[in-house]
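A.B. asks: Coordinates in my_file04.cif, mmCIF, C-alpha atoms, are listed below.
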data_target
#
loop_
_atom_site.group_PDB
_atom_site.id
_atom_site.type_symbol
_atom_site.label_atom_id
_atom_site.label_comp_id
_atom_site.auth_asym_id
_atom_site.auth_seq_id
_atom_site.Cartn_x
_atom_site.Cartn_y
_atom_site.Cartn_z
ATOM 1 C CA MET X 1 33.124 113.946 68.422
ATOM 2 C CA ASN X 2 30.036 111.768 68.244
ATOM 3 C CA TYR X 3 28.452 110.022 71.219
ATOM 4 C CA SER X 4 30.316 106.723 70.740
ATOM 5 C CA VAL X 5 33.668 108.515 70.686
ATOM 6 C CA LEU X 6 32.821 110.530 73.793
ATOM 7 C CA LYS X 7 31.700 107.355 75.532
ATOM 8 C CA LYS X 8 35.031 105.731 74.698
ATOM 9 C CA TYR X 9 37.041 108.505 76.289
ATOM 10 C CA TRP X 10 34.651 108.710 79.219
ATOM 11 C CA SER X 11 35.501 105.057 79.851
ATOM 12 C CA VAL X 12 39.161 106.079 79.930
ATOM 13 C CA VAL X 13 38.321 108.679 82.582
ATOM 14 C CA GLN X 14 36.504 106.090 84.691
ATOM 15 C CA ILE X 15 39.276 103.504 84.430
ATOM 16 C CA SER X 16 41.913 106.124 85.274
ATOM 17 C CA TRP X 17 39.890 107.215 88.310
ATOM 18 C CA GLN X 18 39.758 103.633 89.539
ATOM 19 C CA SER X 19 43.469 103.092 88.916
ATOM 20 C CA GLY X 20 44.174 106.018 91.227
ATOM 21 C CA PHE X 21 42.967 103.864 94.097
ATOM 22 C CA VAL X 22 45.018 100.882 92.923
ATOM 23 C CA TYR X 23 48.339 102.691 93.296
ATOM 24 C CA ARG X 24 47.427 104.059 96.706
ATOM 25 C CA PHE X 25 50.944 104.433 98.029
ATOM 26 C CA ASN X 26 52.112 106.632 95.153
ATOM 27 C CA PHE X 27 49.028 108.805 95.439
ATOM 28 C CA ILE X 28 49.287 109.106 99.216
ATOM 29 C CA MET X 29 52.955 110.091 99.019
ATOM 30 C CA TRP X 30 52.086 112.753 96.426
ATOM 31 C CA ARG X 31 49.435 114.182 98.749
ATOM 32 C CA VAL X 32 51.743 113.972 101.788
ATOM 33 C CA ARG X 33 54.404 115.848 99.858
ATOM 34 C CA ASN X 34 51.923 118.587 98.994
ATOM 35 C CA VAL X 35 50.768 118.948 102.595
ATOM 36 C CA VAL X 36 54.350 119.104 103.880
ATOM 37 C CA GLN X 37 55.243 121.749 101.296
ATOM 38 C CA LEU X 38 52.101 123.716 102.130
ATOM 39 C CA LEU X 39 52.818 123.707 105.860
ATOM 40 C CA THR X 40 56.473 124.638 105.302
ATOM 41 C CA LEU X 41 55.576 127.630 103.153
ATOM 42 C CA TYR X 42 52.709 128.623 105.434
ATOM 43 C CA PHE X 43 54.820 128.778 108.597
ATOM 44 C CA LEU X 44 57.715 130.396 106.728
ATOM 45 C CA TRP X 45 55.598 133.316 105.537
ATOM 46 C CA LEU X 46 53.776 133.457 108.865
ATOM 47 C CA ALA X 47 57.132 133.901 110.596
ATOM 48 C CA VAL X 48 58.549 136.584 108.290
ATOM 49 C CA SER X 49 55.373 138.664 108.029
ATOM 50 C CA GLY X 50 53.460 140.562 110.674
ATOM 51 C CA PRO X 51 49.687 140.854 111.058
ATOM 52 C CA LYS X 52 49.855 144.656 110.771
ATOM 53 C CA GLU X 53 52.774 144.991 108.383
ATOM 54 C CA SER X 54 53.289 144.568 104.668
ATOM 55 C CA ILE X 55 56.216 142.686 103.173
ATOM 56 C CA PHE X 56 57.061 142.892 99.466
ATOM 57 C CA SER X 57 53.799 144.847 99.053
ATOM 58 C CA TYR X 58 51.833 141.876 100.425
ATOM 59 C CA SER X 59 49.990 141.859 103.726
ATOM 60 C CA GLN X 60 50.255 138.774 105.903
ATOM 61 C CA ALA X 61 46.713 137.798 104.945
ATOM 62 C CA ALA X 62 47.546 138.167 101.246
ATOM 63 C CA LEU X 63 50.696 136.042 101.563
ATOM 64 C CA LEU X 64 48.951 133.272 103.476
ATOM 65 C CA THR X 65 46.040 133.364 101.037
ATOM 66 C CA TYR X 66 48.549 133.059 98.201
ATOM 67 C CA VAL X 67 50.144 130.003 99.845
ATOM 68 C CA LEU X 68 46.829 128.239 100.433
ATOM 69 C CA GLY X 69 45.416 129.222 97.041
ATOM 70 C CA SER X 70 48.502 128.099 95.153
ATOM 71 C CA SER X 71 48.214 124.713 96.856
ATOM 72 C CA LEU X 72 44.727 124.261 95.408
ATOM 73 C CA ILE X 73 45.851 125.444 91.975
ATOM 74 C CA ARG X 74 48.727 122.961 92.042
ATOM 75 C CA ALA X 75 46.212 120.157 92.553
ATOM 76 C CA ILE X 76 44.277 121.356 89.523
ATOM 77 C CA VAL X 77 47.003 122.470 87.129
ATOM 78 C CA LEU X 78 50.124 120.479 87.970
ATOM 79 C CA SER X 79 48.575 117.066 88.613
ATOM 80 C CA VAL X 80 48.916 115.096 85.381
ATOM 81 C CA ARG X 81 49.125 111.512 84.199
ATOM 82 C CA SER X 82 50.095 112.488 80.667
ATOM 83 C CA ILE X 83 53.718 112.757 81.713
ATOM 84 C CA ASP X 84 53.638 108.944 81.995
ATOM 85 C CA SER X 85 53.395 108.730 78.223
ATOM 86 C CA GLN X 86 57.189 108.917 78.367
ATOM 87 C CA VAL X 87 57.193 105.369 79.699
ATOM 88 C CA ASP X 88 55.049 104.221 76.752
ATOM 89 C CA ILE X 89 57.562 105.672 74.328
ATOM 90 C CA ALA X 90 60.656 104.421 76.141
ATOM 91 C CA THR X 91 59.387 100.862 76.647
ATOM 92 C CA GLY X 92 57.707 100.453 73.274
ATOM 93 C CA ASP X 93 54.217 100.203 74.786
ATOM 94 C CA LEU X 94 53.227 103.023 72.458
ATOM 95 C CA ASN X 95 52.679 100.291 69.862
ATOM 96 C CA ASN X 96 49.537 99.254 71.715
ATOM 97 C CA PHE X 97 48.035 102.701 71.137
ATOM 98 C CA LEU X 98 49.150 103.289 67.569
ATOM 99 C CA ILE X 99 47.106 100.319 66.359
ATOM 100 C CA LYS X 100 43.959 101.402 68.215
ATOM 101 C CA PRO X 101 41.289 103.792 66.889
ATOM 102 C CA LEU X 102 41.934 106.563 69.378
ATOM 103 C CA ASN X 103 43.645 109.909 69.539
ATOM 104 C CA TYR X 104 46.692 109.544 71.769
ATOM 105 C CA PHE X 105 46.540 113.239 72.658
ATOM 106 C CA VAL X 106 42.886 113.057 73.752
ATOM 107 C CA TYR X 107 43.502 109.742 75.530
ATOM 108 C CA TRP X 108 46.000 111.331 77.886
ATOM 109 C CA ALA X 109 43.805 114.403 78.317
ATOM 110 C CA ALA X 110 41.047 112.044 79.516
ATOM 111 C CA ARG X 111 43.446 110.393 81.955
ATOM 112 C CA ASP X 112 44.478 113.809 83.232
ATOM 113 C CA ILE X 113 40.845 114.720 83.931
ATOM 114 C CA ALA X 114 40.470 111.711 86.233
ATOM 115 C CA ASP X 115 43.749 112.419 88.006
ATOM 116 C CA LYS X 116 42.870 116.068 88.526
ATOM 117 C CA ALA X 117 39.425 115.220 89.875
ATOM 118 C CA LEU X 118 40.987 112.892 92.430
ATOM 119 C CA ASN X 119 43.642 115.421 93.471
ATOM 120 C CA ILE X 120 41.130 118.265 93.702
ATOM 121 C CA ALA X 121 38.867 116.237 95.985
ATOM 122 C CA PHE X 122 41.721 115.475 98.385
ATOM 123 C CA ALA X 123 43.176 119.004 98.156
ATOM 124 C CA ILE X 124 39.860 120.552 99.183
ATOM 125 C CA VAL X 125 39.595 118.227 102.190
ATOM 126 C CA GLU X 126 43.183 119.013 103.186
ATOM 127 C CA LEU X 127 42.681 122.774 102.898
ATOM 128 C CA VAL X 128 39.435 122.702 104.876
ATOM 129 C CA LEU X 129 41.087 120.728 107.685
ATOM 130 C CA LEU X 130 44.121 123.018 107.736
ATOM 131 C CA TYR X 131 41.867 126.062 107.752
ATOM 132 C CA LEU X 132 39.925 124.734 110.743
ATOM 133 C CA ILE X 133 43.143 123.905 112.593
ATOM 134 C CA LEU X 134 45.299 126.933 111.730
ATOM 135 C CA LYS X 135 42.518 129.525 111.335
ATOM 136 C CA PRO X 136 44.607 131.701 108.986
ATOM 137 C CA PRO X 137 43.488 135.149 107.816
ATOM 138 C CA ILE X 138 42.043 134.599 104.357
ATOM 139 C CA ILE X 139 41.244 137.178 101.690
ATOM 140 C CA PHE X 140 38.201 136.654 99.494
ATOM 141 C CA PRO X 141 37.621 138.600 96.259
ATOM 142 C CA GLN X 142 35.472 141.697 96.665
ATOM 143 C CA HIS X 143 34.040 141.580 93.157
ATOM 144 C CA PRO X 144 31.885 138.627 91.974
ATOM 145 C CA SER X 145 33.445 138.810 88.502
ATOM 146 C CA THR X 146 36.822 137.951 90.032
ATOM 147 C CA TRP X 147 35.634 134.411 90.737
ATOM 148 C CA PHE X 148 34.828 133.903 87.064
ATOM 149 C CA LEU X 149 38.106 135.427 85.889
ATOM 150 C CA PHE X 150 40.012 133.300 88.394
ATOM 151 C CA ALA X 151 38.261 130.075 87.318
ATOM 152 C CA LEU X 152 38.895 130.905 83.655
ATOM 153 C CA SER X 153 42.581 131.562 84.271
ATOM 154 C CA VAL X 154 42.960 128.241 86.127
ATOM 155 C CA SER X 155 41.212 126.405 83.276
ATOM 156 C CA LEU X 156 43.519 127.946 80.694
ATOM 157 C CA ALA X 157 46.544 127.306 82.910
ATOM 158 C CA THR X 158 45.509 123.644 83.051
ATOM 159 C CA ALA X 159 45.437 123.481 79.257
ATOM 160 C CA LEU X 160 48.801 125.241 79.070
ATOM 161 C CA PHE X 161 50.460 122.823 81.491
ATOM 162 C CA PHE X 162 49.039 119.870 79.581
ATOM 163 C CA MET X 163 50.739 121.184 76.428
ATOM 164 C CA PHE X 164 53.938 121.735 78.391
ATOM 165 C CA SER X 165 53.958 118.200 79.835
ATOM 166 C CA PHE X 166 53.145 116.755 76.424
ATOM 167 C CA ILE X 167 56.196 118.469 74.945
ATOM 168 C CA ILE X 168 58.382 117.091 77.745
ATOM 169 C CA SER X 169 56.999 113.628 77.037
ATOM 170 C CA MET X 170 57.737 113.889 73.316
ATOM 171 C CA THR X 171 61.441 114.439 73.986
ATOM 172 C CA THR X 172 61.567 110.754 75.007
ATOM 173 C CA PHE X 173 61.502 109.823 71.315
ATOM 174 C CA TRP X 174 65.105 111.057 71.175
ATOM 175 C CA TYR X 175 66.177 110.654 74.825
ATOM 176 C CA TYR X 176 64.543 107.452 75.998
ATOM 177 C CA GLN X 177 67.076 106.475 78.654
ATOM 178 C CA TYR X 178 65.637 105.782 82.127
ATOM 179 C CA ASN X 179 62.092 106.006 80.753
ATOM 180 C CA GLY X 180 62.415 109.760 80.396
ATOM 181 C CA TRP X 181 62.975 110.230 84.134
ATOM 182 C CA ALA X 182 65.606 112.932 83.599
ATOM 183 C CA GLN X 183 63.204 115.069 81.576
ATOM 184 C CA ARG X 184 60.421 114.602 84.123
ATOM 185 C CA PHE X 185 62.687 115.618 86.999
ATOM 186 C CA LEU X 186 64.051 118.637 85.146
ATOM 187 C CA SER X 187 60.575 119.819 84.136
ATOM 188 C CA PHE X 188 59.311 119.418 87.708
ATOM 189 C CA VAL X 189 62.175 121.496 89.108
ATOM 190 C CA ILE X 190 61.611 124.176 86.476
ATOM 191 C CA VAL X 191 57.886 124.378 87.140
ATOM 192 C CA GLU X 192 58.280 124.479 90.921
ATOM 193 C CA SER X 193 60.844 127.255 90.630
ATOM 194 C CA LEU X 194 59.256 129.415 87.958
ATOM 195 C CA ALA X 195 55.499 128.930 88.293
ATOM 196 C CA GLY X 196 55.122 130.900 91.495
ATOM 197 C CA SER X 197 54.124 127.922 93.611
ATOM 198 C CA LEU X 198 56.774 128.664 96.258
ATOM 199 C CA PHE X 199 56.381 132.446 96.427
ATOM 200 C CA PRO X 200 54.847 135.303 94.419
ATOM 201 C CA LEU X 201 57.180 136.055 91.542
ATOM 202 C CA ASP X 202 56.863 139.823 91.948
ATOM 203 C CA ILE X 203 58.701 139.787 95.286
ATOM 204 C CA LEU X 204 61.934 139.259 93.339
ATOM 205 C CA PRO X 205 64.057 142.180 92.097
ATOM 206 C CA PRO X 206 62.162 144.003 89.295
ATOM 207 C CA LEU X 207 64.377 142.768 86.440
ATOM 208 C CA PHE X 208 64.192 139.106 87.468
ATOM 209 C CA ALA X 209 60.486 139.375 88.215
ATOM 210 C CA LYS X 210 59.793 140.880 84.787
ATOM 211 C CA ILE X 211 61.684 138.078 83.055
ATOM 212 C CA LEU X 212 59.967 135.286 84.991
ATOM 213 C CA ILE X 213 56.498 136.785 84.598
ATOM 214 C CA SER X 214 56.995 136.875 80.825
ATOM 215 C CA LEU X 215 57.586 133.106 80.708
ATOM 216 C CA PRO X 216 54.709 130.650 80.130
ATOM 217 C CA THR X 217 55.429 128.984 83.487
ATOM 218 C CA ALA X 218 54.245 132.117 85.309
ATOM 219 C CA TYR X 219 50.714 131.422 84.080
ATOM 220 C CA PHE X 220 50.482 128.057 85.831
ATOM 221 C CA ILE X 221 50.011 129.518 89.322
ATOM 222 C CA TYR X 222 51.224 133.114 89.665
ATOM 223 C CA PHE X 223 48.813 134.709 87.182
ATOM 224 C CA PRO X 224 45.639 133.027 88.536
ATOM 225 C CA MET X 225 46.559 133.993 92.107
ATOM 226 C CA GLN X 226 47.187 137.604 91.088
ATOM 227 C CA ILE X 227 43.676 137.668 89.663
ATOM 228 C CA TYR X 228 42.222 136.103 92.816
ATOM 229 C CA LEU X 229 43.978 138.649 95.052
ATOM 230 C CA GLU X 230 42.721 141.419 92.730
ATOM 231 C CA ARG X 231 46.200 142.838 92.265
ATOM 232 C CA LEU X 232 45.756 143.296 88.508
ATOM 233 C CA GLY X 233 43.823 145.948 86.618
ATOM 234 C CA ASP X 234 41.471 145.188 83.740
ATOM 235 C CA GLU X 235 44.122 145.972 81.117
ATOM 236 C CA GLU X 236 46.693 143.751 82.842
ATOM 237 C CA ILE X 237 44.192 140.890 83.044
ATOM 238 C CA ALA X 238 43.285 141.241 79.372
ATOM 239 C CA THR X 239 46.958 141.283 78.419
ATOM 240 C CA GLY X 240 47.591 138.251 80.615
ATOM 241 C CA TYR X 241 44.792 136.284 78.962
ATOM 242 C CA THR X 242 46.113 137.202 75.525
ATOM 243 C CA VAL X 243 49.605 135.990 76.404
ATOM 244 C CA LEU X 244 48.197 132.856 78.034
ATOM 245 C CA VAL X 245 46.194 131.881 74.952
ATOM 246 C CA PHE X 246 49.188 132.696 72.775
ATOM 247 C CA TRP X 247 51.383 130.266 74.741
ATOM 248 C CA ILE X 248 48.719 127.555 74.595
ATOM 249 C CA ILE X 249 48.629 127.793 70.808
ATOM 250 C CA VAL X 250 52.421 127.908 70.494
ATOM 251 C CA LEU X 251 52.985 124.919 72.777
ATOM 252 C CA TYR X 252 50.221 122.959 71.053
ATOM 253 C CA ILE X 253 51.897 123.506 67.665
ATOM 254 C CA ILE X 254 55.289 122.529 69.086
ATOM 255 C CA GLY X 255 53.826 119.432 70.737
ATOM 256 C CA GLN X 256 52.144 118.240 67.552
ATOM 257 C CA PHE X 257 55.302 118.912 65.566
ATOM 258 C CA LEU X 258 57.389 116.843 67.996
ATOM 259 C CA TRP X 259 54.775 114.065 67.942
ATOM 260 C CA GLN X 260 54.903 113.770 64.153
ATOM 261 C CA LYS X 261 58.700 113.976 64.071
ATOM 262 C CA GLY X 262 58.993 111.563 66.954
ATOM 263 C CA LEU X 263 56.899 108.901 65.262
ATOM 264 C CA LYS X 264 59.355 108.912 62.366
ATOM 265 C CA VAL X 265 62.270 108.021 64.647
ATOM 266 C CA TYR X 266 60.293 105.769 66.992
ATOM 267 C CA ALA X 267 61.744 102.257 66.958
ATOM 268 C CA ALA X 268 59.956 100.576 69.904
ATOM 269 C CA PHE X 269 63.216 99.604 71.539
ATOM 270 C CA GLY X 270 61.474 97.993 74.490
ATOM 271 C CA ARG X 271 59.636 95.533 72.247
#
What's the structure tokens form of this structure?

C.D. replies:
Amino acid sequence: MNYSVLKKYWSVVQISWQSGFVYRFNFIMWRVRNVVQLLTLYFLWLAVSGPKESIFSYSQAALLTYVLGSSLIRAIVLSVRSIDSQVDIATGDLNNFLIKPLNYFVYWAARDIADKALNIAFAIVELVLLYLILKPPIIFPQHPSTWFLFALSVSLATALFFMFSFIISMTTFWYYQYNGWAQRFLSFVIVESLAGSLFPLDILPPLFAKILISLPTAYFIYFPMQIYLERLGDEEIATGYTVLVFWIIVLYIIGQFLWQKGLKVYAAFGR
């Protein structure tokens, strides 16, 4: 990309950032929901675990760190605007983008950057306040390299979830009823259940845990938090990164395939 192209998408980031303050109620309710979920999980695991006991091979400090850490990762990975592209497809507003000299894929990636920046800023403030109020036992990585590996895993998880949400959006070409709401709801339920945002996946029975950990959804939250808590060896981390990159490539190919196929059946019914 040359400078003029980068400037164009940077303008998209700026406009999207500003629009986040226009729809204040929606944003506030999203943040309130996250805080309520965080507090619910925090007090649940605080109640079932003891300060000197381990449960499911996790100490109380590790469980509470997982809950707080997963909340921050959710703000980074799972906050997206690209899912709204379903509305463009269902209403026919996609026409406005097809005639413009921009990459629709990159356009929504730019919008996601702004949305994530806004969510991260608020998530950090929320976590700091909750930490000062609750004073939970927190585990910090013992090895400096863990911070880098953790940041890298979150970055790749962000890319993976973007591909995942893009695929969900592309299904609206064929199922455009209710502006794709059904697909959005289903994908949200799946992610919340399988990504490890509610609990560490390895506390489940071994067979179920093995199946869930092998799915791409496990790399949204569970895998980065396992790295942060230093529960994985070097070989397991390397394998995890390999699988993560593999899923990014696979979902990217699927997303582009659905985009090209979808354009052939797109009829702009809302226009």

A.B. asks: Could you work out how far CA of Met225 in chain X lies from CA of Val67 in chain X, giving the answer in Å with one decimal?

C.D. replies: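 Straight-line distance from CA of Val67 in chain X to CA of Met225 in chain X works out to 9.4 Å.
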
A.B. asks: Evaluate the PyMOL selection byres ((chain X and resi 258-263) around 8) here and jot the selected residues down as a list of chain:residue names.

C.D. replies: X:Ile167, X:Met170, X:Thr171, X:Phe173, X:Trp174, X:Ile254, X:Gly255, X:Gln256, X:Phe257, X:Lys264, X:Val265, X:Tyr266

A.B. asks: List the spatial neighbours of Ile83 in chain X as a list in words - criterion: any atom at most 12 Å away, all atoms listed in the file, same-chain residues fewer than 5 positions off excluded.

C.D. replies: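 Near Ile83 in chain X, the qualifying residues are Leu78, Asp88, Ile89, Phe105, Trp108, Ala109, Arg111, Asp112, Asp115, Phe161, Phe162, Met163, Phe164, Ser165, Phe166, Ile167, Ile168, Ser169, Met170, Thr171, Thr172, Asn179, Gly180, Trp181, Gln183, Arg184, Phe185, Ser187 and Phe188 of chain X.
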
A.B. asks: Closest to Gly240 in chain X among X:Ser193, X:Asn119, X:Ser153, X:Gln14, using all atoms listed in the file?

C.D. replies: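 Checking each candidate against Gly240 in chain X, we get X:Ser153 as the closest.
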
A.B. asks: What does the PyMOL selection byres ((chain X and resi 133-142) around 6) select in this file, as an mmCIF file with C-alpha atoms, in the coordinates of the input?

C.D. replies:
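Result saved to expr11.cif:
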data_model
loop_
_atom_site.group_PDB
_atom_site.id
_atom_site.type_symbol
_atom_site.label_atom_id
_atom_site.label_comp_id
_atom_site.auth_asym_id
_atom_site.auth_seq_id
_atom_site.Cartn_x
_atom_site.Cartn_y
_atom_site.Cartn_z
ATOM 1 C CA ALA X 61 46.713 137.798 104.945
ATOM 2 C CA THR X 65 46.040 133.364 101.037
ATOM 3 C CA LEU X 130 44.121 123.018 107.736
ATOM 4 C CA TYR X 131 41.867 126.062 107.752
ATOM 5 C CA LEU X 132 39.925 124.734 110.743
ATOM 6 C CA HIS X 143 34.040 141.580 93.157
#

A.B. asks: Considering only C-alpha atoms, return as a list of chain:residue names whatever protein or nucleic-acid residues lie within 9 Å of Leu68 in chain X, sequence-local ones (same chain, fewer than 6 positions apart) excluded.

C.D. replies: X:Leu38, X:Tyr42, X:Leu127, X:Ile138

A.B. asks: Near range 147-152 of chain X, within 10 Å and counting all atoms listed in the file, which residues show up once chain neighbours fewer than 4 positions away are dropped, as a VMD selection string?

C.D. replies: chain X and resid 140 to 143 156 to 158 223 to 230 237 241

A.B. asks: Could you check how far CA of Ile248 in chain X sits from CA of Val77 in chain X, in Å to one decimal?

C.D. replies: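 Atom-to-atom, CA of Ile248 in chain X to CA of Val77 in chain X, that is 13.6 Å.
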